[in-house]
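The structure file entry.cif is reproduced below (mmCIF, C-alpha atoms; chains and numbers go by the auth columns).
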```cif
data_data
#
loop_
_atom_site.group_PDB
_atom_site.id
_atom_site.type_symbol
_atom_site.label_atom_id
_atom_site.label_comp_id
_atom_site.label_asym_id
_atom_site.label_seq_id
_atom_site.Cartn_x
_atom_site.Cartn_y
_atom_site.Cartn_z
_atom_site.B_iso_or_equiv
_atom_site.auth_seq_id
_atom_site.auth_asym_id
ATOM 1 C CA ALA A 1 -12.220 13.216 6.732 0.00 1 N
ATOM 2 C CA GLN A 2 -9.861 10.454 7.699 0.00 2 N
ATOM 3 C CA LYS A 3 -6.278 11.199 8.564 0.00 3 N
ATOM 4 C CA VAL A 4 -3.352 8.848 9.101 0.00 4 N
ATOM 5 C CA THR A 5 -0.302 10.166 10.915 0.00 5 N
ATOM 6 C CA GLN A 6 3.031 8.474 11.348 0.00 6 N
ATOM 7 C CA ALA A 7 4.846 11.184 13.228 0.00 7 N
ATOM 8 C CA GLN A 8 8.227 9.460 13.234 0.00 8 N
ATOM 9 C CA THR A 9 9.926 10.072 9.909 0.00 9 N
ATOM 10 C CA GLU A 10 13.119 8.181 10.673 0.00 10 N
ATOM 11 C CA ILE A 11 14.275 5.990 13.513 0.00 11 N
ATOM 12 C CA SER A 12 17.757 4.615 13.953 0.00 12 N
ATOM 13 C CA VAL A 13 18.552 1.899 16.477 0.00 13 N
ATOM 14 C CA VAL A 14 21.345 -0.508 17.165 0.00 14 N
ATOM 15 C CA GLU A 15 20.737 -4.182 16.622 0.00 15 N
ATOM 16 C CA LYS A 16 18.964 -5.952 19.480 0.00 16 N
ATOM 17 C CA GLU A 17 17.259 -2.804 20.698 0.00 17 N
ATOM 18 C CA ASP A 18 13.462 -2.722 20.893 0.00 18 N
ATOM 19 C CA VAL A 19 11.738 -0.149 18.721 0.00 19 N
ATOM 20 C CA THR A 20 8.137 1.104 18.573 0.00 20 N
ATOM 21 C CA LEU A 21 6.579 2.708 15.513 0.00 21 N
ATOM 22 C CA ASP A 22 3.575 4.947 16.047 0.00 22 N
ATOM 23 C CA CYS A 23 0.453 5.365 13.943 0.00 23 N
ATOM 24 C CA VAL A 24 -2.570 7.517 14.689 0.00 24 N
ATOM 25 C CA TYR A 25 -5.732 7.160 12.664 0.00 25 N
ATOM 26 C CA GLU A 26 -8.363 9.852 13.030 0.00 26 N
ATOM 27 C CA THR A 27 -11.766 8.946 11.720 0.00 27 N
ATOM 28 C CA ARG A 28 -15.432 9.348 12.507 0.00 28 N
ATOM 29 C CA ASP A 29 -16.072 5.748 11.555 0.00 29 N
ATOM 30 C CA THR A 30 -16.983 3.595 14.517 0.00 30 N
ATOM 31 C CA THR A 31 -15.666 0.440 12.921 0.00 31 N
ATOM 32 C CA TYR A 32 -12.607 0.177 10.740 0.00 32 N
ATOM 33 C CA TYR A 33 -9.576 -1.853 9.806 0.00 33 N
ATOM 34 C CA LEU A 34 -5.892 -1.004 9.890 0.00 34 N
ATOM 35 C CA PHE A 35 -3.076 -2.642 7.975 0.00 35 N
ATOM 36 C CA TRP A 36 0.681 -2.467 8.435 0.00 36 N
ATOM 37 C CA TYR A 37 3.060 -2.978 5.529 0.00 37 N
ATOM 38 C CA LYS A 38 6.823 -3.157 5.335 0.00 38 N
ATOM 39 C CA GLN A 39 8.792 -1.912 2.337 0.00 39 N
ATOM 40 C CA PRO A 40 12.396 -3.179 2.434 0.00 40 N
ATOM 41 C CA PRO A 41 15.126 -1.644 0.257 0.00 41 N
ATOM 42 C CA SER A 42 14.212 -4.079 -2.524 0.00 42 N
ATOM 43 C CA GLY A 43 10.961 -2.119 -2.888 0.00 43 N
ATOM 44 C CA GLU A 44 8.153 -4.633 -2.590 0.00 44 N
ATOM 45 C CA LEU A 45 5.325 -4.208 -0.095 0.00 45 N
ATOM 46 C CA VAL A 46 5.109 -6.916 2.519 0.00 46 N
ATOM 47 C CA PHE A 47 1.907 -7.401 4.489 0.00 47 N
ATOM 48 C CA LEU A 48 2.474 -7.553 8.256 0.00 48 N
ATOM 49 C CA ILE A 49 -0.865 -7.406 10.021 0.00 49 N
ATOM 50 C CA ARG A 50 -4.554 -6.627 9.700 0.00 50 N
ATOM 51 C CA ARG A 51 -6.469 -5.441 12.753 0.00 51 N
ATOM 52 C CA ASN A 52 -10.020 -4.248 13.225 0.00 52 N
ATOM 53 C CA SER A 53 -11.456 -1.755 15.649 0.00 53 N
ATOM 54 C CA PHE A 54 -13.421 -4.419 17.464 0.00 54 N
ATOM 55 C CA ASP A 55 -10.306 -6.020 18.826 0.00 55 N
ATOM 56 C CA GLU A 56 -8.166 -4.051 21.232 0.00 56 N
ATOM 57 C CA GLN A 57 -6.306 -7.108 22.396 0.00 57 N
ATOM 58 C CA ASN A 58 -2.581 -6.864 21.804 0.00 58 N
ATOM 59 C CA GLU A 59 -1.191 -9.307 19.303 0.00 59 N
ATOM 60 C CA ILE A 60 2.219 -10.881 19.282 0.00 60 N
ATOM 61 C CA SER A 61 3.854 -12.719 16.424 0.00 61 N
ATOM 62 C CA GLY A 62 7.434 -13.694 17.032 0.00 62 N
ATOM 63 C CA ARG A 63 9.428 -10.504 17.511 0.00 63 N
ATOM 64 C CA TYR A 64 6.517 -8.343 16.377 0.00 64 N
ATOM 65 C CA SER A 65 3.751 -7.045 18.596 0.00 65 N
ATOM 66 C CA TRP A 66 0.916 -4.634 18.044 0.00 66 N
ATOM 67 C CA ASN A 67 -0.861 -2.412 20.521 0.00 67 N
ATOM 68 C CA PHE A 68 -4.191 -0.911 19.496 0.00 68 N
ATOM 69 C CA GLN A 69 -5.902 1.714 21.641 0.00 69 N
ATOM 70 C CA LYS A 70 -9.161 2.853 20.140 0.00 70 N
ATOM 71 C CA SER A 71 -9.602 5.642 22.708 0.00 71 N
ATOM 72 C CA THR A 72 -6.528 7.437 21.400 0.00 72 N
ATOM 73 C CA SER A 73 -6.814 6.204 17.794 0.00 73 N
ATOM 74 C CA SER A 74 -3.292 4.830 18.085 0.00 74 N
ATOM 75 C CA PHE A 75 -2.071 1.634 16.538 0.00 75 N
ATOM 76 C CA ASN A 76 1.534 1.013 17.447 0.00 76 N
ATOM 77 C CA PHE A 77 3.940 -1.616 16.264 0.00 77 N
ATOM 78 C CA THR A 78 6.888 -2.881 18.299 0.00 78 N
ATOM 79 C CA ILE A 79 9.840 -4.905 17.103 0.00 79 N
ATOM 80 C CA THR A 80 11.646 -6.690 19.910 0.00 80 N
ATOM 81 C CA ALA A 81 15.363 -7.373 19.604 0.00 81 N
ATOM 82 C CA SER A 82 15.648 -5.640 16.247 0.00 82 N
ATOM 83 C CA GLN A 83 17.792 -7.065 13.480 0.00 83 N
ATOM 84 C CA VAL A 84 19.514 -5.487 10.504 0.00 84 N
ATOM 85 C CA VAL A 85 16.992 -7.192 8.205 0.00 85 N
ATOM 86 C CA ASP A 86 14.236 -5.163 9.865 0.00 86 N
ATOM 87 C CA SER A 87 15.601 -2.061 8.161 0.00 87 N
ATOM 88 C CA ALA A 88 12.774 -0.843 5.957 0.00 88 N
ATOM 89 C CA VAL A 89 10.031 1.730 5.600 0.00 89 N
ATOM 90 C CA TYR A 90 6.937 0.823 7.586 0.00 90 N
ATOM 91 C CA PHE A 91 3.496 2.047 6.571 0.00 91 N
ATOM 92 C CA CYS A 92 0.191 1.912 8.369 0.00 92 N
ATOM 93 C CA ALA A 93 -2.829 2.079 6.103 0.00 93 N
ATOM 94 C CA PRO A 94 -6.558 1.958 6.812 0.00 94 N
ATOM 95 C CA PRO A 95 -9.018 1.176 4.028 0.00 95 N
ATOM 96 C CA THR A 96 -11.550 3.945 3.623 0.00 96 N
ATOM 97 C CA GLY A 97 -14.946 4.608 2.220 0.00 97 N
ATOM 98 C CA ASN A 98 -17.093 2.202 0.329 0.00 98 N
ATOM 99 C CA THR A 99 -14.336 1.203 -2.044 0.00 99 N
ATOM 100 C CA GLY A 100 -11.785 -0.055 0.458 0.00 100 N
ATOM 101 C CA LYS A 101 -8.975 2.011 -0.993 0.00 101 N
ATOM 102 C CA LEU A 102 -6.038 2.267 1.377 0.00 102 N
ATOM 103 C CA ILE A 103 -4.779 5.594 2.593 0.00 103 N
ATOM 104 C CA PHE A 104 -1.155 5.294 3.587 0.00 104 N
ATOM 105 C CA GLY A 105 0.632 7.141 6.312 0.00 105 N
ATOM 106 C CA GLN A 106 3.817 8.962 5.401 0.00 106 N
ATOM 107 C CA GLY A 107 5.857 5.977 6.497 0.00 107 N
ATOM 108 C CA THR A 108 8.571 5.549 9.085 0.00 108 N
ATOM 109 C CA THR A 109 12.063 4.654 7.910 0.00 109 N
ATOM 110 C CA LEU A 110 13.703 2.283 10.335 0.00 110 N
ATOM 111 C CA GLN A 111 17.439 1.790 10.198 0.00 111 N
ATOM 112 C CA VAL A 112 18.909 -0.966 12.311 0.00 112 N
ATOM 113 C CA LYS A 113 22.654 -0.721 12.626 0.00 113 N
ATOM 114 C CA PRO A 114 24.839 -3.726 13.413 0.00 114 N
ATOM 115 C CA ASN B 1 -0.771 -19.443 -6.447 0.00 1 Q
ATOM 116 C CA ALA B 2 1.596 -17.056 -8.155 0.00 2 Q
ATOM 117 C CA GLY B 3 0.353 -13.981 -6.318 0.00 3 Q
ATOM 118 C CA VAL B 4 -0.179 -10.625 -7.970 0.00 4 Q
ATOM 119 C CA MET B 5 1.956 -10.358 -11.072 0.00 5 Q
ATOM 120 C CA GLN B 6 3.056 -7.009 -12.383 0.00 6 Q
ATOM 121 C CA ASN B 7 5.066 -6.484 -15.503 0.00 7 Q
ATOM 122 C CA PRO B 8 7.362 -5.154 -16.518 0.00 8 Q
ATOM 123 C CA ARG B 9 9.367 -4.722 -13.312 0.00 9 Q
ATOM 124 C CA HIS B 10 11.265 -1.846 -14.842 0.00 10 Q
ATOM 125 C CA LEU B 11 10.186 0.348 -17.715 0.00 11 Q
ATOM 126 C CA VAL B 12 12.115 3.144 -19.340 0.00 12 Q
ATOM 127 C CA ARG B 13 10.327 5.551 -21.646 0.00 13 Q
ATOM 128 C CA ARG B 14 11.347 8.726 -23.406 0.00 14 Q
ATOM 129 C CA ARG B 15 9.279 11.832 -22.874 0.00 15 Q
ATOM 130 C CA GLY B 16 6.211 11.753 -25.060 0.00 16 Q
ATOM 131 C CA GLN B 17 6.002 7.975 -25.349 0.00 17 Q
ATOM 132 C CA GLU B 18 3.288 5.769 -23.921 0.00 18 Q
ATOM 133 C CA ALA B 19 3.695 3.503 -20.903 0.00 19 Q
ATOM 134 C CA ARG B 20 1.534 0.424 -20.368 0.00 20 Q
ATOM 135 C CA LEU B 21 1.702 -1.277 -17.010 0.00 21 Q
ATOM 136 C CA ARG B 22 0.095 -4.669 -16.475 0.00 22 Q
ATOM 137 C CA CYS B 23 -1.320 -6.310 -13.390 0.00 23 Q
ATOM 138 C CA SER B 24 -2.655 -9.839 -13.123 0.00 24 Q
ATOM 139 C CA PRO B 25 -4.552 -10.243 -9.845 0.00 25 Q
ATOM 140 C CA MET B 26 -4.491 -13.306 -7.685 0.00 26 Q
ATOM 141 C CA LYS B 27 -6.790 -16.078 -8.781 0.00 27 Q
ATOM 142 C CA GLY B 28 -10.256 -15.471 -7.430 0.00 28 Q
ATOM 143 C CA HIS B 29 -9.690 -11.759 -6.799 0.00 29 Q
ATOM 144 C CA SER B 30 -11.981 -9.470 -8.737 0.00 30 Q
ATOM 145 C CA HIS B 31 -10.941 -6.168 -7.144 0.00 31 Q
ATOM 146 C CA VAL B 32 -7.866 -4.298 -8.353 0.00 32 Q
ATOM 147 C CA TYR B 33 -6.310 -1.137 -6.971 0.00 33 Q
ATOM 148 C CA TRP B 34 -3.480 0.933 -8.418 0.00 34 Q
ATOM 149 C CA TYR B 35 -1.178 3.070 -6.277 0.00 35 Q
ATOM 150 C CA ARG B 36 1.689 5.368 -7.179 0.00 36 Q
ATOM 151 C CA GLN B 37 4.795 6.038 -5.124 0.00 37 Q
ATOM 152 C CA LEU B 38 6.706 9.095 -6.223 0.00 38 Q
ATOM 153 C CA PRO B 39 10.369 9.318 -5.198 0.00 39 Q
ATOM 154 C CA GLU B 40 10.766 9.985 -1.474 0.00 40 Q
ATOM 155 C CA GLU B 41 7.003 9.996 -0.991 0.00 41 Q
ATOM 156 C CA GLY B 42 4.397 7.640 0.346 0.00 42 Q
ATOM 157 C CA LEU B 43 1.890 5.632 -1.611 0.00 43 Q
ATOM 158 C CA LYS B 44 -1.110 7.354 -3.107 0.00 44 Q
ATOM 159 C CA PHE B 45 -4.280 5.726 -4.337 0.00 45 Q
ATOM 160 C CA MET B 46 -4.984 6.141 -8.034 0.00 46 Q
ATOM 161 C CA VAL B 47 -7.863 3.952 -9.164 0.00 47 Q
ATOM 162 C CA TYR B 48 -10.041 1.037 -8.119 0.00 48 Q
ATOM 163 C CA LEU B 49 -11.526 -1.350 -10.660 0.00 49 Q
ATOM 164 C CA GLN B 50 -13.637 -4.428 -10.793 0.00 50 Q
ATOM 165 C CA LYS B 51 -14.036 -6.538 -13.898 0.00 51 Q
ATOM 166 C CA GLU B 52 -14.991 -4.237 -16.786 0.00 52 Q
ATOM 167 C CA ASN B 53 -15.798 -1.355 -14.432 0.00 53 Q
ATOM 168 C CA ILE B 54 -13.964 1.620 -13.003 0.00 54 Q
ATOM 169 C CA ILE B 55 -15.368 2.075 -9.522 0.00 55 Q
ATOM 170 C CA ASP B 56 -13.277 4.926 -8.132 0.00 56 Q
ATOM 171 C CA GLU B 57 -10.790 6.979 -10.125 0.00 57 Q
ATOM 172 C CA SER B 58 -10.571 9.879 -7.718 0.00 58 Q
ATOM 173 C CA GLY B 59 -6.778 9.590 -7.485 0.00 59 Q
ATOM 174 C CA MET B 60 -6.076 9.550 -11.201 0.00 60 Q
ATOM 175 C CA PRO B 61 -4.557 12.620 -12.821 0.00 61 Q
ATOM 176 C CA LYS B 62 -7.136 14.259 -15.054 0.00 62 Q
ATOM 177 C CA GLU B 63 -5.159 13.884 -18.260 0.00 63 Q
ATOM 178 C CA ARG B 64 -3.002 11.236 -19.916 0.00 64 Q
ATOM 179 C CA PHE B 65 -3.797 8.473 -17.408 0.00 65 Q
ATOM 180 C CA SER B 66 -6.331 5.716 -17.923 0.00 66 Q
ATOM 181 C CA ALA B 67 -7.005 2.273 -16.508 0.00 67 Q
ATOM 182 C CA GLU B 68 -8.965 -0.776 -17.480 0.00 68 Q
ATOM 183 C CA PHE B 69 -9.703 -4.235 -16.185 0.00 69 Q
ATOM 184 C CA PRO B 70 -11.227 -6.232 -19.010 0.00 70 Q
ATOM 185 C CA LYS B 71 -13.301 -9.350 -18.680 0.00 71 Q
ATOM 186 C CA GLU B 72 -10.342 -11.380 -19.839 0.00 72 Q
ATOM 187 C CA GLY B 73 -6.732 -10.531 -19.177 0.00 73 Q
ATOM 188 C CA PRO B 74 -4.821 -8.273 -16.828 0.00 74 Q
ATOM 189 C CA SER B 75 -5.608 -4.821 -15.602 0.00 75 Q
ATOM 190 C CA ILE B 76 -3.763 -2.137 -17.552 0.00 76 Q
ATOM 191 C CA LEU B 77 -2.626 1.270 -16.367 0.00 77 Q
ATOM 192 C CA ARG B 78 -1.858 3.413 -19.359 0.00 78 Q
ATOM 193 C CA ILE B 79 0.059 6.664 -19.349 0.00 79 Q
ATOM 194 C CA GLN B 80 0.123 8.617 -22.571 0.00 80 Q
ATOM 195 C CA GLN B 81 2.768 11.178 -23.500 0.00 81 Q
ATOM 196 C CA VAL B 82 4.829 10.522 -20.410 0.00 82 Q
ATOM 197 C CA VAL B 83 6.708 13.333 -18.693 0.00 83 Q
ATOM 198 C CA ARG B 84 9.598 13.226 -16.249 0.00 84 Q
ATOM 199 C CA GLY B 85 7.201 13.750 -13.344 0.00 85 Q
ATOM 200 C CA ASP B 86 5.565 10.406 -14.099 0.00 86 Q
ATOM 201 C CA SER B 87 8.724 8.613 -12.983 0.00 87 Q
ATOM 202 C CA ALA B 88 7.613 6.575 -9.995 0.00 88 Q
ATOM 203 C CA ALA B 89 6.874 3.110 -8.715 0.00 89 Q
ATOM 204 C CA TYR B 90 3.400 1.902 -9.598 0.00 90 Q
ATOM 205 C CA PHE B 91 1.891 -0.808 -7.437 0.00 91 Q
ATOM 206 C CA CYS B 92 -1.119 -2.929 -8.053 0.00 92 Q
ATOM 207 C CA ALA B 93 -3.061 -4.698 -5.303 0.00 93 Q
ATOM 208 C CA SER B 94 -5.807 -7.233 -5.633 0.00 94 Q
ATOM 209 C CA SER B 95 -8.477 -8.207 -3.151 0.00 95 Q
ATOM 210 C CA PRO B 96 -11.311 -10.686 -2.897 0.00 96 Q
ATOM 211 C CA GLY B 97 -13.358 -7.801 -1.547 0.00 97 Q
ATOM 212 C CA TRP B 98 -15.295 -7.826 1.649 0.00 98 Q
ATOM 213 C CA THR B 99 -18.505 -9.386 2.815 0.00 99 Q
ATOM 214 C CA GLY B 100 -20.440 -9.080 6.030 0.00 100 Q
ATOM 215 C CA GLY B 101 -18.228 -6.178 7.046 0.00 101 Q
ATOM 216 C CA ILE B 102 -15.088 -8.303 6.936 0.00 102 Q
ATOM 217 C CA ASN B 103 -12.197 -6.934 4.906 0.00 103 Q
ATOM 218 C CA TYR B 104 -10.172 -9.838 3.577 0.00 104 Q
ATOM 219 C CA GLY B 105 -7.118 -7.779 2.847 0.00 105 Q
ATOM 220 C CA TYR B 106 -4.977 -6.929 -0.118 0.00 106 Q
ATOM 221 C CA THR B 107 -2.106 -8.569 -1.921 0.00 107 Q
ATOM 222 C CA PHE B 108 0.401 -6.286 -3.590 0.00 108 Q
ATOM 223 C CA GLY B 109 2.454 -6.955 -6.661 0.00 109 Q
ATOM 224 C CA SER B 110 6.158 -6.177 -6.756 0.00 110 Q
ATOM 225 C CA GLY B 111 5.536 -2.944 -8.605 0.00 111 Q
ATOM 226 C CA THR B 112 6.666 -1.414 -11.889 0.00 112 Q
ATOM 227 C CA ARG B 113 9.415 1.178 -11.714 0.00 113 Q
ATOM 228 C CA LEU B 114 8.823 3.672 -14.492 0.00 114 Q
ATOM 229 C CA THR B 115 11.666 5.946 -15.481 0.00 115 Q
ATOM 230 C CA VAL B 116 11.052 8.709 -17.985 0.00 116 Q
ATOM 231 C CA VAL B 117 14.178 10.024 -19.678 0.00 117 Q
#
```
Rewrite the coordinates I just gave you, this time as structure tokens.
Amino acid sequence: AQKVTQAQTEISVVEKEDVTLDCVYETRDTTYYLFWYKQPPSGELVFLIRRNSFDEQNEISGRYSWNFQKSTSSFNFTITASQVVDSAVYFCAPPTGNTGKLIFGQGTTLQVKP
Amino acid sequence: NAGVMQNPRHLVRRRGQEARLRCSPMKGHSHVYWYRQLPEEGLKFMVYLQKENIIDESGMPKERFSAEFPKEGPSILRIQQVVRGDSAAYFCASSPGWTGGINYGYTFGSGTRLTVV
């Protein structure tokens, strides 16, 4: 069975610090996708990134970067120079099975203090 | 493109009443997923539908909950005889599906916050 683990429940940093959020996805599937979503205090779910297991190349988008290591099943997300507006709950979520339903990790609450 | 539209944004029901939550997928998306987020918890899959068909309802509670996605109109999540424990945020996501092994992703609505009093 698949298992998604976000071991960090809460992280608190001061503005401008870098922060890395961890996600481990255990699966027997040889190919798979992973999604990251952000849920700010307003409650909506904001899509951040989609990655697949074929591509272990790191990806950078502005202050965001993603590091995917298939050998350790880890898919980590780094925010560089964090800002107060980054305060949110961050979820990683792989689609599973034949239906593509997402299984969400427990989420990591990030608090960025001014 | 207006995105995935969910309404109402907030819904208050008394115990025993019915709640009807609506989700209009993005244009061109024929796959709809419903998720529930209980207070202080993560998101849990409930049901997956395509037009006029329930494909996977493995996450739906056995009683009082039902879902549909008719040929015309929005997808509806219906909760009969609501109880306090049904208070949660309910999210709908739509997808164009996947072909050739490529997953084209999901677009979430803003959610419906159901409060049972």
Under the PyMOL selection byres ((chain N) within 8 of (chain Q)), which residues of this model are included? Write them out as a ChimeraX atom specification.
/N:33,43-47,50,99,101-107
Apply the PyMOL selection byres ((chain N and resi 63-70) around 12) to the file shown and report the selected residues as a ChimeraX atom specification.
/N:16-36,48-62,71-83,86,92
Enclosing box along x, y and z for every listed atom of segment 33-52 of chain N, padded 5 Å each side, centre and size in Å, one decimal, as AutoDock Vina command-line options:
```
--center_x 2.6 --center_y -4.3 --center_z 5.2 --size_x 35.1 --size_y 16.5 --size_z 26.1
```
Could you tell me which of Q:Thr99, Q:Glu52, Q:Val83, Q:Val4 comes closest to Pro70 of chain Q if we count all atoms listed in the file?
Q:Glu52
Rounded to one decimal place, report the atom CA of Gly59 of chain Q-atom CA of Arg22 of chain Q distance in Å.
18.2 Å
Name the residues captured by the PyMOL selection byres ((chain N and resi 14) around 6) when it is applied to the shown file; answer as a ChimeraX atom specification.
/N:13,15,17,112-113
Do a neighbour search on Phe65 of chain Q at 7 Å with all atoms listed in the file, toss out local chain neighbours closer than 3 positions, and write the hits as a PyMOL selection string.
chain Q and resi 60-61+78-80
What is the distance between atom CA of Phe69 of chain Q and atom CA of Gly3 of chain Q, in Å to one decimal?
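Taking atom CA of Phe69 of chain Q and atom CA of Gly3 of chain Q, their separation equals 17.1 Å.
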Nearest to His29 of chain Q, chosen from Q:Ser75, Q:Thr115, Q:Gln50, Q:Ser94, with all atoms listed in the file counted in the distances
Q:Ser94
Can you tell me how far atom CA of Leu21 of chain Q sits from atom CA of Val82 of chain Q, in Å to one decimal?
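That distance, rounded to one decimal, is 12.7 Å.
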From the list Q:Lys51, Q:Ser87, Q:Arg14, Q:Gly28, which residue is nearest Gly73 of chain Q when using all atoms listed in the file?
Q:Lys51
List every protein, DNA or RNA residue with an atom no more than 6 Å from (-3.6, 1.4, -13.6) in the file's coordinates, counting only C-alpha atoms, and format the result as a PyMOL selection string.
chain Q and resi 34+67+76-77
Using only C-alpha atoms, which of the listed residues (Q:Arg13, Q:Lys62, Q:Lys27, Q:Arg20) sits closest to Tyr90 of chain Q?
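Selected residue with least distance to Tyr90 of chain Q: Q:Arg20.
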